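K.L.:
A single structure is presented below for examination.
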Amino acid sequence: MSRVWMVLVIGACAQAGPQDRAGGDSGTAIDALGHSIDAPGHGSGSGSGSGSGSNNPCSFSGALATWDLTGQTGSESSVVAASSATGVTAGSLTRSAAVTAQSGAGSINGSNWPTAAALDATKYFAFTLTAPTGCSMMTLTSVAIDLKASGTGPANGAIATSKDSFVTTTPVGTAAPSTPTVTATATGQLEVRVYGYAASGTGGTLRVQNTLTVNGTIQ
């Protein structure tokens, strides 16, 4: 009986060779008795992952540029942009020569604003935005701005762009942050100006404080 049993085992082992090789190819092995067992390391698996993160500057919607004024003294001549969308060139935020620099923590500040009920085209804060090269257009949609006047500063503010030579103006408050809708389209450089007027005294100040963000799209 013992000899017969040994012959059977040897026969099973002899027959298992080809099956074991086949099993190794598919992730399954055959033991000496012909039973299937898992073969570690021979399994197969597939996985795929994809992400949609386009770096195409000509397909964009969001913040075109942001200026951070929190660390400024107020009397600085200009403030460089803190960030801008891919491909967008954002110029520094400046005051015009007709506006007198004044100190004011966390802002760019100035005095000598018009006391008339109409704006003075020579008195403003300004910055430029240039669309990415190769894109068909850049469109402004809104400007998030914290414009703050002193007690004798401008009661009114306005935003205009070089799209129509600053003819069309959008009202903006001078007492609290706001995000007025400003629509302008350009294929190259666009200048944006922020005016103040109707001050009760030329010594009154108007400042852009905290952060300034221009929103829009690029195609």
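Labels for the structure tokens follow display order: chains A, B, ..., residues from 1 in each chain, ligands from 1.
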How close does region 49-119 of chain A get to region 156-180 of chain A? List, as CSV, each residue of region 49-119 of chain A within 12 Å, its nearest atom pair and the distance in Å to one decimal, counting only C-alpha atoms.

P.N.:
```
residue,atom,partner,partner_atom,distance
A:Trp113,CA,A:Asn156,CA,10.5
A:Pro114,CA,A:Asn156,CA,10.3
A:Thr115,CA,A:Asn156,CA,10.3
A:Ala116,CA,A:Asn156,CA,10.5
A:Ala117,CA,A:Asn156,CA,8.5
A:Ala118,CA,A:Asn156,CA,9.1
A:Leu119,CA,A:Ala158,CA,8.2
```

K.L.:
Where does DSSP see strand (DSSP E or B) in region 94-161 of chain A, if you list the residues as a PyMOL selection string?

P.N.:
chain A and resi 94-95+100-102+107-111+124-130+138-145+147-149+154-161

K.L.:
Report as number ranges by chain all protein, DNA and RNA residues lying within 12 Å of region 57-71 of chain A, evaluated on only C-alpha atoms, omitting residues in the same chain fewer than 5 positions from it.

P.N.:
A: 76, 78-94, 104-109, 126-147, 187, 207-219

K.L.:
CA of Arg95 (chain A) to CA of Ala184 (chain A): how many Å, to one decimal?

P.N.:
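That distance, rounded to one decimal, is 21.2 Å.
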
K.L.:
With only C-alpha atoms as the atoms that count, which of A:Gln102, A:Gly74, A:Ser96, A:Asn55 lies nearest to Ala121 (chain A)?

P.N.:
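Answer, going by the shortest atom-to-atom distance: A:Ser96.
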
K.L.:
Tell me, in Å to one decimal, how far CA of Phe125 (chain A) is from CA of Gly203 (chain A).

P.N.:
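Pair CA of Phe125 (chain A) / CA of Gly203 (chain A) returns 16.8 Å.
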
K.L.:
Mind pulling up the distance from CA of Arg193 (chain A) to CA of Val99 (chain A)?

P.N.:
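Calculated distance between CA of Val99 (chain A) and CA of Arg193 (chain A) is 12.9 Å.
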